[in-house]
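One structure is given here, and the rest of the page talks about it.
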Amino acid sequence: MGDLYHYPAEVLNVIRRTVCHGMPAVLEGPAGIQMFAYDNNRIILRSDLDYTCEVTLRLSDEIRAVQESGSGREYAVTDHKVTLALRSAVNVMLELESPFEISADSFYSDGNMAHLRRGVAALNTGEGIEHELIEE
């Protein structure tokens, strides 16, 4: 199987597309590049190479703009992708901008979680009524 750091870019790009399916961005480029994706539409790219290299991010349809967090530099998005140069050992944080606001699942809202805790407490003290899932 070998070390992923020794795979050619073409092979790594297939692996990355498979592993990152459904994510807002997929990295294409040589070995030695890492992408860290966060749930707030930010990613960090880092190169462990000894030279500046060019990488491409393939973006999901809803991403309309890419901006570097530190400098505010905006990258042109063409055909759902953006290409940028990465310098050695420098972390680049990018914000992926979509035309809609990304929010957490309402199931985990403070009000709903408090309701669930009250229900569990009632069940634990014998005061609650256990029933099947109610679908509306």
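Every chain in the structure tokens has a letter given in the order shown (A, B, ...), and although residue numbers restart at 1 in each chain, ligands are simply numbered from 1 in the order shown.
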
- Message: Which residues are close to Ile63 of chain A, i.e. within 8 Å by only C-alpha atoms, leaving aside same-chain residues fewer than 4 positions away? Reply as number ranges by chain.
- Response: A: 24, 59, 80, 96-99

- Message: Quick check for you: according to DSSP on this backbone, which residues of chain A are classed as strand (DSSP E)? Reply as number ranges by chain.
- Response: A: 25-28, 33-37, 42-47, 53-59, 65-68, 74-75, 81-86, 91-97

- Item | All alpha helix (DSSP H) positions in segment 13-86 of chain A, as a PyMOL selection string | chain A and resi 13-19

Restricting it to N, CA and C atoms, dump the selection as a short mmCIF file (atom, residue, chain, number, x, y, z; two decimals), in the first residue's frame.
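This is the output file out34.cif:
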```cif
data_model
loop_
_atom_site.label_atom_id
_atom_site.label_comp_id
_atom_site.auth_asym_id
_atom_site.auth_seq_id
_atom_site.Cartn_x
_atom_site.Cartn_y
_atom_site.Cartn_z
N ASN A 13 -5.64 12.56 -5.73
CA ASN A 13 -6.84 13.32 -6.06
C ASN A 13 -8.07 12.41 -6.10
N VAL A 14 -7.93 11.19 -6.60
CA VAL A 14 -9.04 10.24 -6.61
C VAL A 14 -9.41 9.86 -5.18
N ILE A 15 -8.41 9.59 -4.35
CA ILE A 15 -8.65 9.25 -2.94
C ILE A 15 -9.34 10.41 -2.24
N ARG A 16 -8.84 11.63 -2.45
CA ARG A 16 -9.43 12.81 -1.81
C ARG A 16 -10.89 13.01 -2.23
N ARG A 17 -11.19 12.85 -3.52
CA ARG A 17 -12.57 13.01 -3.99
C ARG A 17 -13.49 11.99 -3.32
N THR A 18 -12.99 10.78 -3.12
CA THR A 18 -13.79 9.73 -2.49
C THR A 18 -14.02 10.03 -1.01
N VAL A 19 -12.96 10.36 -0.30
CA VAL A 19 -13.04 10.60 1.14
C VAL A 19 -13.81 11.89 1.45
#
```

- Item | Residue contacts of Asp48 of chain A (7 Å, only C-alpha atoms) excluding same-chain residues fewer than 3 positions away, as a list in words |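 Listing them by chain and then by number gives Gly32, Ile33, Ser88 and Ala89 of chain A.
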
- Task: For Leu57 of chain A, work out the shell of residues within 6 Å, counting only C-alpha atoms and skipping chain neighbours fewer than 4 positions away, then give it as a PyMOL selection string.
- Result: chain A and resi 25-27+81-82

With N, CA, C and O atoms retained, could you export that selection as a PDB file, in the first residue's frame?
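Dumped everything to out16.pdb:
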```pdb
ATOM      1  N   ALA A  25     -15.492  21.524  -0.090  1.00  0.00           N
ATOM      2  CA  ALA A  25     -14.270  21.680  -0.884  1.00  0.00           C
ATOM      3  C   ALA A  25     -13.492  20.376  -0.893  1.00  0.00           C
ATOM      4  O   ALA A  25     -13.468  19.650   0.092  1.00  0.00           O
ATOM      5  N   VAL A  26     -12.861  20.096  -2.040  1.00  0.00           N
ATOM      6  CA  VAL A  26     -11.999  18.927  -2.187  1.00  0.00           C
ATOM      7  C   VAL A  26     -10.659  19.420  -2.722  1.00  0.00           C
ATOM      8  O   VAL A  26     -10.595  20.151  -3.707  1.00  0.00           O
ATOM      9  N   LEU A  27      -9.580  19.021  -2.073  1.00  0.00           N
ATOM     10  CA  LEU A  27      -8.231  19.433  -2.439  1.00  0.00           C
ATOM     11  C   LEU A  27      -7.715  18.605  -3.609  1.00  0.00           C
ATOM     12  O   LEU A  27      -7.900  17.393  -3.650  1.00  0.00           O
ATOM     13  N   LYS A  81     -14.208  26.003  -9.016  1.00  0.00           N
ATOM     14  CA  LYS A  81     -12.886  25.685  -8.464  1.00  0.00           C
ATOM     15  C   LYS A  81     -12.076  26.962  -8.317  1.00  0.00           C
ATOM     16  O   LYS A  81     -12.354  27.980  -8.940  1.00  0.00           O
ATOM     17  N   VAL A  82     -11.080  26.885  -7.461  1.00  0.00           N
ATOM     18  CA  VAL A  82     -10.171  28.001  -7.218  1.00  0.00           C
ATOM     19  C   VAL A  82      -8.762  27.418  -7.104  1.00  0.00           C
ATOM     20  O   VAL A  82      -8.565  26.338  -6.551  1.00  0.00           O
TER      21      VAL A  82
END
```

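Among the candidates A:Ile134, A:Asp79, A:Arg87, A:Pro30, the residue lying nearest to Asp50 of chain A is A:Arg87 (atoms considered: only C-alpha atoms).
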
- Query: In Å, with one decimal, what is the gap from atom CA of Thr52 of chain A to atom CA of Glu74 of chain A?
  - Reply: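 Pair atom CA of Thr52 of chain A / atom CA of Glu74 of chain A returns 19.2 Å.
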
- Query: Leaving out Leu4 of chain A and any residue of its chain fewer than 4 positions from it, which residues lie within 10 Å of it when counting only C-alpha atoms, given as a ChimeraX atom specification?
  - Reply: /A:8-9,11-12,15,31-32

- Message: So that I can check the surroundings of Gly72 of chain A, please list as an MDAnalysis selection string every protein, DNA and RNA residue that reaches within 12 Å of it, counting only C-alpha atoms and ignoring chain neighbours fewer than 6 positions away.
- Response: chainID A and resid 65:66 92:95

- Message: With distances taken over only C-alpha atoms, which residue among A:Asn41, A:Gly29, A:Gly128, A:Tyr7 lies nearest Leu116 of chain A?
- Response: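 Ranked by minimum distance to Leu116 of chain A, first place goes to A:Gly128.
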
- Task: Rank nothing, just name the residue among A:Ala76, A:Asn40, A:Gln67, A:Ala85 nearest to Val55 of chain A, using only C-alpha atoms.
- Result: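 For Val55 of chain A, the nearest of the candidates is A:Ala85.
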